file run-v9.txt (compact mmCIF, C-alpha atoms and all ligand atoms)
# COMPACT_ATOMS: atom_id res chain seq x y z
CA ARG A 1 94.15 93.78 104.44
CA ALA A 2 95.53 90.78 102.57
CA GLU A 3 91.98 89.65 101.78
CA ALA A 4 91.31 92.79 99.71
CA SER A 5 94.31 92.15 97.47
CA ALA A 6 93.40 88.49 97.25
CA ARG A 7 89.91 89.49 96.08
CA ARG A 8 91.26 91.31 93.03
CA ASP A 9 87.91 93.10 92.86
CA LEU A 10 89.30 95.69 90.42
CA ALA A 11 90.56 93.14 87.89
CA GLY A 12 90.19 94.48 84.37
CA ARG A 13 89.25 97.97 85.56
CA ARG A 14 91.00 101.06 84.21
CA VAL A 15 91.84 103.41 87.04
CA VAL A 16 93.37 106.89 86.84
CA VAL A 17 94.86 108.46 89.98
CA THR A 18 96.34 111.94 90.29
CA ALA A 19 98.81 112.44 93.12
CA GLY A 20 101.17 115.04 94.51
CA GLY A 21 100.98 118.79 94.35
CA THR A 22 101.22 121.09 91.36
CA ARG A 23 103.88 123.78 91.05
CA GLU A 24 103.26 127.02 89.24
CA PRO A 25 106.44 128.69 87.95
CA LEU A 26 107.20 132.34 88.64
CA ASP A 27 110.53 132.36 86.84
CA PRO A 28 113.14 129.73 85.87
CA VAL A 29 114.12 129.13 89.50
CA ARG A 30 110.93 129.68 91.55
CA PHE A 31 107.44 128.30 91.87
CA LEU A 32 104.28 128.48 93.96
CA GLY A 33 103.63 125.07 95.46
CA ASN A 34 101.93 123.28 98.31
CA ARG A 35 102.79 120.72 100.94
CA SER A 36 101.17 117.66 99.36
CA SER A 37 103.68 114.79 99.32
CA GLY A 38 101.68 112.49 97.08
CA LYS A 39 101.66 109.69 99.66
CA GLN A 40 97.89 109.20 99.79
CA GLY A 41 97.47 109.25 96.00
CA VAL A 42 100.40 106.88 95.49
CA ALA A 43 98.90 104.52 98.10
CA ILE A 44 95.60 104.51 96.18
CA ALA A 45 97.43 103.76 92.94
CA GLU A 46 99.32 100.87 94.61
CA ALA A 47 96.18 99.52 96.27
CA ALA A 48 94.22 99.61 93.01
CA ARG A 49 97.10 97.85 91.26
CA ALA A 50 97.16 95.16 93.97
CA ARG A 51 93.43 94.65 93.47
CA GLY A 52 93.94 93.96 89.78
CA ALA A 53 93.34 97.32 88.10
CA HIS A 54 95.30 98.81 85.23
CA VAL A 55 96.46 102.06 86.81
CA THR A 56 97.54 105.31 85.20
CA LEU A 57 99.24 107.54 87.77
CA VAL A 58 99.34 111.23 86.91
CA ALA A 59 102.14 112.34 89.21
CA ALA A 60 102.80 115.96 90.13
CA ASN A 61 106.13 116.52 91.91
CA LEU A 62 105.97 113.44 94.13
CA GLU A 63 108.08 113.43 97.29
CA VAL A 64 107.78 109.65 97.45
CA ALA A 65 108.88 106.96 95.00
CA SER A 66 106.38 106.27 92.27
CA PRO A 67 104.98 102.75 92.41
CA GLY A 68 105.95 100.07 89.94
CA GLY A 69 103.41 98.47 87.66
CA CYS A 70 101.61 101.72 86.88
CA ASP A 71 101.51 103.73 83.70
CA LEU A 72 103.27 106.88 84.95
CA ARG A 73 102.55 110.36 83.54
CA GLU A 74 104.70 113.01 85.16
CA VAL A 75 103.40 116.58 85.21
CA SER A 76 104.20 119.72 87.14
CA THR A 77 101.64 122.50 86.66
CA ALA A 78 97.85 122.43 87.00
CA LEU A 79 97.44 122.93 83.26
CA GLU A 80 99.75 119.97 82.54
CA LEU A 81 97.86 117.84 85.07
CA GLN A 82 94.57 118.82 83.44
CA ALA A 83 95.78 117.77 79.98
CA ALA A 84 97.15 114.44 81.26
CA VAL A 85 94.17 113.45 83.40
CA THR A 86 91.60 114.51 80.80
CA GLU A 87 93.30 112.31 78.21
CA ALA A 88 93.70 109.36 80.59
CA ALA A 89 90.13 109.65 81.93
CA ALA A 90 88.52 108.89 78.56
CA GLY A 91 87.02 105.42 78.92
CA ALA A 92 88.35 104.92 82.47
CA ASP A 93 86.19 103.17 85.08
CA LEU A 94 87.47 105.29 87.93
CA VAL A 95 89.24 108.64 88.30
CA VAL A 96 90.61 109.60 91.72
CA MET A 97 91.69 113.24 92.03
CA ALA A 98 94.00 113.03 95.03
CA ALA A 99 96.42 115.68 93.75
CA ALA A 100 96.53 119.09 95.40
CA VAL A 101 95.99 121.43 92.48
CA ALA A 102 97.04 125.08 92.72
CA ASP A 103 93.94 127.25 92.58
CA TYR A 104 95.95 130.13 91.09
CA ARG A 105 99.04 130.55 88.95
CA PRO A 106 101.18 133.61 88.30
CA ALA A 107 99.59 135.74 85.57
CA ALA A 108 102.97 135.91 83.82
CA VAL A 109 106.06 133.73 84.00
CA SER A 110 109.29 135.72 83.85
CA GLU A 111 111.77 134.40 81.27
CA SER A 112 114.66 135.43 83.50
CA LYS A 113 115.16 135.27 87.25
CA ILE A 114 113.16 137.99 89.01
CA LYS A 115 115.63 140.43 90.62
CA LYS A 116 115.10 142.65 93.64
CA GLN A 117 114.74 146.29 92.69
CA PRO A 118 117.06 148.68 94.54
CA GLY A 119 115.19 150.23 97.46
CA ASP A 120 111.93 148.26 97.07
CA ASP A 121 110.29 147.02 100.27
CA GLY A 122 107.99 144.35 98.83
CA LEU A 123 106.70 142.61 95.72
CA THR A 124 103.10 142.09 94.63
CA LEU A 125 102.36 139.06 92.48
CA GLU A 126 99.39 138.92 90.16
CA LEU A 127 97.73 135.50 90.06
CA VAL A 128 95.02 134.12 87.79
CA ARG A 129 92.64 131.22 88.49
CA ASN A 130 93.48 127.75 87.29
CA PRO A 131 90.67 125.65 85.83
CA ASP A 132 88.87 123.36 88.29
CA ILE A 133 89.96 120.05 86.78
CA LEU A 134 87.62 117.82 88.80
CA ALA A 135 84.61 120.04 88.07
CA GLY A 136 85.58 119.98 84.39
CA LEU A 137 85.46 116.17 84.42
CA GLY A 138 82.30 116.13 86.56
CA HIS A 139 80.38 118.50 84.33
CA ALA A 140 81.39 116.84 81.05
CA PRO A 141 79.65 113.62 79.99
CA HIS A 142 81.42 110.77 81.81
CA ASP A 143 79.11 107.78 81.54
CA GLY A 144 80.65 104.71 83.11
CA THR A 145 83.40 106.67 84.90
CA LEU A 146 83.16 107.03 88.67
CA LEU A 147 84.69 110.32 89.83
CA VAL A 148 86.28 110.54 93.26
CA GLY A 149 87.51 113.88 94.58
CA PHE A 150 89.35 114.88 97.72
CA ALA A 151 88.65 117.86 99.91
CA ALA A 152 91.37 119.34 102.05
CA GLU A 153 89.99 121.59 104.76
CA THR A 154 91.46 123.31 107.79
CA GLU A 155 87.98 123.51 109.41
CA ALA A 156 88.17 122.09 112.95
CA ASP A 157 84.45 121.47 113.54
CA ASP A 158 83.34 118.04 112.23
CA ASP A 159 79.85 119.10 111.09
CA ARG A 160 81.15 122.17 109.31
CA LEU A 161 83.91 120.06 107.72
CA LEU A 162 81.30 117.65 106.31
CA ALA A 163 79.11 120.54 105.13
CA LEU A 164 82.07 121.98 103.21
CA GLY A 165 82.67 118.54 101.71
CA ALA A 166 79.04 118.11 100.69
CA GLY A 167 79.17 121.52 99.01
CA LYS A 168 82.27 120.53 97.02
CA LEU A 169 80.80 117.16 96.01
CA GLU A 170 77.77 118.92 94.60
CA ALA A 171 79.64 121.82 92.98
CA LYS A 172 82.12 119.55 91.21
CA GLY A 173 79.71 116.86 90.00
CA ALA A 174 81.83 114.15 91.67
CA ASP A 175 80.34 110.82 92.76
CA LEU A 176 82.34 110.49 95.97
CA LEU A 177 84.46 112.87 98.00
CA VAL A 178 87.18 111.96 100.47
CA VAL A 179 87.24 114.70 103.07
CA ASN A 180 90.30 115.21 105.22
CA ARG A 181 91.40 117.84 107.64
CA VAL A 182 94.75 119.38 106.89
CA GLY A 183 96.82 121.78 108.90
CA TRP A 184 100.30 122.56 110.09
CA THR A 185 100.58 119.07 111.60
CA GLU A 186 97.73 117.09 110.02
CA GLY A 187 97.46 115.45 106.63
CA PHE A 188 100.42 116.49 104.49
CA ALA A 189 103.57 114.36 104.31
CA ARG A 190 102.45 112.11 107.14
CA ASP A 191 102.22 108.33 106.94
CA ASP A 192 98.77 108.14 108.51
CA ASN A 193 95.50 109.75 107.58
CA ARG A 194 91.94 110.19 108.85
CA VAL A 195 89.20 110.70 106.28
CA VAL A 196 85.45 110.71 105.83
CA ILE A 197 84.08 109.39 102.54
CA ILE A 198 80.86 111.06 101.45
CA GLY A 199 78.45 110.53 98.58
CA ASN A 200 75.13 112.12 97.64
CA GLU A 201 73.50 110.01 100.39
CA GLY A 202 75.79 111.48 103.05
CA VAL A 203 78.58 109.83 105.05
CA LEU A 204 79.46 106.41 103.56
CA ALA A 205 82.53 105.48 105.60
CA ARG A 206 85.19 106.82 107.93
CA ALA A 207 88.76 105.57 107.76
CA VAL A 208 91.72 106.08 110.08
CA GLY A 209 95.16 104.55 109.75
CA SER A 210 98.08 104.27 107.41
CA LYS A 211 97.62 105.91 104.02
CA MET A 212 97.69 102.38 102.52
CA SER A 213 94.87 101.13 104.78
CA VAL A 214 92.88 104.31 104.05
CA ALA A 215 93.49 103.68 100.32
CA HIS A 216 91.98 100.19 100.61
CA GLU A 217 89.00 101.50 102.58
CA ILE A 218 88.33 104.08 99.85
CA LEU A 219 88.48 101.28 97.26
CA ASP A 220 86.14 99.17 99.43
CA VAL A 221 83.52 101.92 98.96
CA VAL A 222 84.37 102.38 95.28
CA ALA A 223 84.48 98.74 94.08
CA PRO A 224 80.77 97.82 94.55
CA ARG A 225 79.79 101.11 92.91
CA LEU A 226 81.88 100.23 89.85
CA ARG A 227 80.05 96.93 89.60
CA GLU A 228 76.71 98.80 89.64
CA LEU A 229 77.99 101.30 87.09
CA ARG A 230 79.23 98.80 84.54
CA ALA A 231 78.23 95.26 85.43
N1 LIG A 301 90.75 120.37 92.24
C1 LIG A 301 90.84 120.40 90.86
N2 LIG A 301 91.23 121.55 90.22
C2 LIG A 301 91.51 122.66 90.92
C3 LIG A 301 91.40 122.65 92.34
C4 LIG A 301 91.02 121.48 92.97
O1 LIG A 301 90.57 119.38 90.23
N3 LIG A 301 91.87 123.75 90.27
C5 LIG A 301 90.30 119.12 92.88
C6 LIG A 301 91.29 118.53 93.86
O2 LIG A 301 92.15 117.62 93.21
C7 LIG A 301 90.38 117.82 94.85
C8 LIG A 301 89.12 118.67 94.84
O3 LIG A 301 89.15 119.42 93.63
O4 LIG A 301 90.03 116.52 94.39
C9 LIG A 301 88.98 119.59 96.01
O5 LIG A 301 90.11 120.40 96.14
P1 LIG A 301 90.12 121.52 97.24
O6 LIG A 301 91.36 122.34 97.12
O7 LIG A 301 89.78 120.90 98.57
O8 LIG A 301 88.84 122.38 96.83
P2 LIG A 301 88.63 123.69 95.99
O9 LIG A 301 87.46 123.46 95.11
O10 LIG A 301 89.88 124.13 95.31
O11 LIG A 301 88.18 124.74 97.08
P3 LIG A 301 89.05 125.63 98.10
O12 LIG A 301 88.70 127.03 97.74
O13 LIG A 301 88.56 125.18 99.46
O14 LIG A 301 90.51 125.30 97.91
CA CA A 302 91.90 124.41 96.32
call {"tool": "encode", "arguments": {"input": "run-v9.txt", "output": "structure tokens"}}
result
Amino acid sequence: RAEASARRDLAGRRVVVTAGGTREPLDPVRFLGNRSSGKQGVAIAEAARARGAHVTLVAANLEVASPGGCDLREVSTALELQAAVTEAAAGADLVVMAAAVADYRPAAVSESKIKKQPGDDGLTLELVRNPDILAGLGHAPHDGTLLVGFAAETEADDDRLLALGAGKLEAKGADLLVVNRVGWTEGFARDDNRVVIIGNEGVLARAVGSKMSVAHEILDVVAPRLRELRA
């Protein structure tokens, strides 16, 4: 896809990408996390950079090297990611929420390491909901900022997968949603990906291949929409 980089069709654009997976601490040594490696989000940040954008990467616990040439904001929890992306999104042309954000966090964080109790046979954790960061951005005024979300689903049926995606697009007030199937062997930590990009009109594109080629295909859908948004 050398021609895409050569086009530099994002020159002068301000792009914010979130990548990785949040971690919610239980105590000083433990957290609740997820299997997102950050590869797809980092690929989008690199692709946008190659196409001329100024990129802010909000990085949550990446398992891959962070790309050079980006303004890097490292975060760990959902609340930290929310603060960083909300600040960076002000005046941005494009926000891509590729990070896997914990839906819940422990209701309390223990100051000391949680110890087993003599004779107990289990432990119940109380969790509280984290804010929906993408919906927060989508429902606040964001004139001139295109919002792209991701949807990770384990649904096997293609039609039902797309219906779930359409529901999320609508509920979150996003402009585009990148839907991908995840599972024990699909999606996370792999080098390749298979996604469907949907908008209010329905399916806009399907992309299969390396996470970098998928990143460029997502930006191929995004770039003309940015031109319409802010000519
Ligand atoms: N997201 C977010 N804040 C959250 C949870 C998710 O901003 N607290 C964003 C993700 O970054 C992603 C999109 O919302 O871009 C969809 O995430 P996903 O987990 O697929 O959807 P949820 O709305 O959390 O629904 P589910 O109950 O299926 O997990
Ligand atoms: Ca979720």
call {"tool": "residues_near_ligand", "arguments": {"input": "run-v9.txt", "ligand": "ligand CA 302 (chain A)", "cutoff": "10 Å", "atoms": "only C-alpha atoms and all ligand atoms", "output": "MDAnalysis selection string"}}
result
chainID A and resid 100:104 130 132 150:153
call {"tool": "axis_aligned_box", "arguments": {"input": "run-v9.txt", "around": "ligand LIG 301 (chain A)", "padding_each_side": "5 Å", "output": "JSON"}}
result
{"center_x": 89.8, "center_y": 121.8, "center_z": 94.8, "size_x": 14.7, "size_y": 20.5, "size_z": 19.2}
call {"tool": "residues_around", "arguments": {"input": "run-v9.txt", "residues": "Ala223 of chain A", "least_positions_apart": "5", "cutoff": "12 Å", "atoms": "all atoms listed in the file", "output": "list in words"}}
result
Ala4, Arg7, Arg8, Asp9, Leu10, Ala11, Arg13, Val15, Ala47, Ala48, Arg51, Gly52, Ala53, Asp93, Leu94, Leu146, Val148, His216, Glu217, Ile218, Glu228, Leu229, Arg230 and Ala231 of chain A
call {"tool": "atom_distance", "arguments": {"input": "run-v9.txt", "atom1": "atom CA of Ile133 of chain A", "atom2": "atom CA of Lys172 of chain A"}}
result
9.0 Å
call {"tool": "atom_distance", "arguments": {"input": "run-v9.txt", "atom1": "atom CA of Leu81 of chain A", "atom2": "atom CA of Arg129 of chain A"}}
result
14.8 Å
call {"tool": "atom_distance", "arguments": {"input": "run-v9.txt", "atom1": "atom CA of Gly68 of chain A", "atom2": "atom O7 of ligand LIG 301 (chain A)"}}
result
27.7 Å
call {"tool": "closest_residue", "arguments": {"input": "run-v9.txt", "among": "A:Gly20, A:Gly136, A:Gly202, A:Gly119", "to": "Gly167 of chain A", "atoms": "all atoms listed in the file"}}
result
A:Gly202
call {"tool": "residues_around", "arguments": {"input": "run-v9.txt", "residues": "segment 31-36 of chain A", "least_positions_apart": "3", "cutoff": "12 Å", "atoms": "all atoms listed in the file", "output": "compact mmCIF listing (two decimals) with C-alpha atoms, keeping the file's coordinate frame"}}
result
# COMPACT_ATOMS: atom_id res chain seq x y z
CA THR A 18 96.34 111.94 90.29
CA ALA A 19 98.81 112.44 93.12
CA GLY A 20 101.17 115.04 94.51
CA GLY A 21 100.98 118.79 94.35
CA THR A 22 101.22 121.09 91.36
CA ARG A 23 103.88 123.78 91.05
CA GLU A 24 103.26 127.02 89.24
CA PRO A 25 106.44 128.69 87.95
CA LEU A 26 107.20 132.34 88.64
CA ASP A 27 110.53 132.36 86.84
CA PRO A 28 113.14 129.73 85.87
CA LYS A 39 101.66 109.69 99.66
CA GLN A 40 97.89 109.20 99.79
CA GLY A 41 97.47 109.25 96.00
CA VAL A 42 100.40 106.88 95.49
CA ALA A 59 102.14 112.34 89.21
CA ALA A 60 102.80 115.96 90.13
CA ASN A 61 106.13 116.52 91.91
CA LEU A 62 105.97 113.44 94.13
CA GLU A 63 108.08 113.43 97.29
CA VAL A 64 107.78 109.65 97.45
CA SER A 76 104.20 119.72 87.14
CA THR A 77 101.64 122.50 86.66
CA ALA A 78 97.85 122.43 87.00
CA ALA A 98 94.00 113.03 95.03
CA ALA A 99 96.42 115.68 93.75
CA ALA A 100 96.53 119.09 95.40
CA VAL A 101 95.99 121.43 92.48
CA ALA A 102 97.04 125.08 92.72
CA ASP A 103 93.94 127.25 92.58
CA TYR A 104 95.95 130.13 91.09
CA ARG A 105 99.04 130.55 88.95
CA PRO A 106 101.18 133.61 88.30
CA ALA A 108 102.97 135.91 83.82
CA VAL A 109 106.06 133.73 84.00
CA SER A 110 109.29 135.72 83.85
CA LYS A 113 115.16 135.27 87.25
CA ILE A 114 113.16 137.99 89.01
CA LEU A 125 102.36 139.06 92.48
CA LEU A 127 97.73 135.50 90.06
CA ALA A 152 91.37 119.34 102.05
CA VAL A 182 94.75 119.38 106.89
CA GLY A 183 96.82 121.78 108.90
CA TRP A 184 100.30 122.56 110.09
CA THR A 185 100.58 119.07 111.60
CA GLU A 186 97.73 117.09 110.02
CA GLY A 187 97.46 115.45 106.63
CA PHE A 188 100.42 116.49 104.49
CA ALA A 189 103.57 114.36 104.31
CA ARG A 190 102.45 112.11 107.14
call {"tool": "closest_residue", "arguments": {"input": "run-v9.txt", "among": "A:Ala89, A:Leu219, A:Val203, A:Leu176", "to": "Arg49 of chain A", "atoms": "only C-alpha atoms"}}
result
A:Leu219
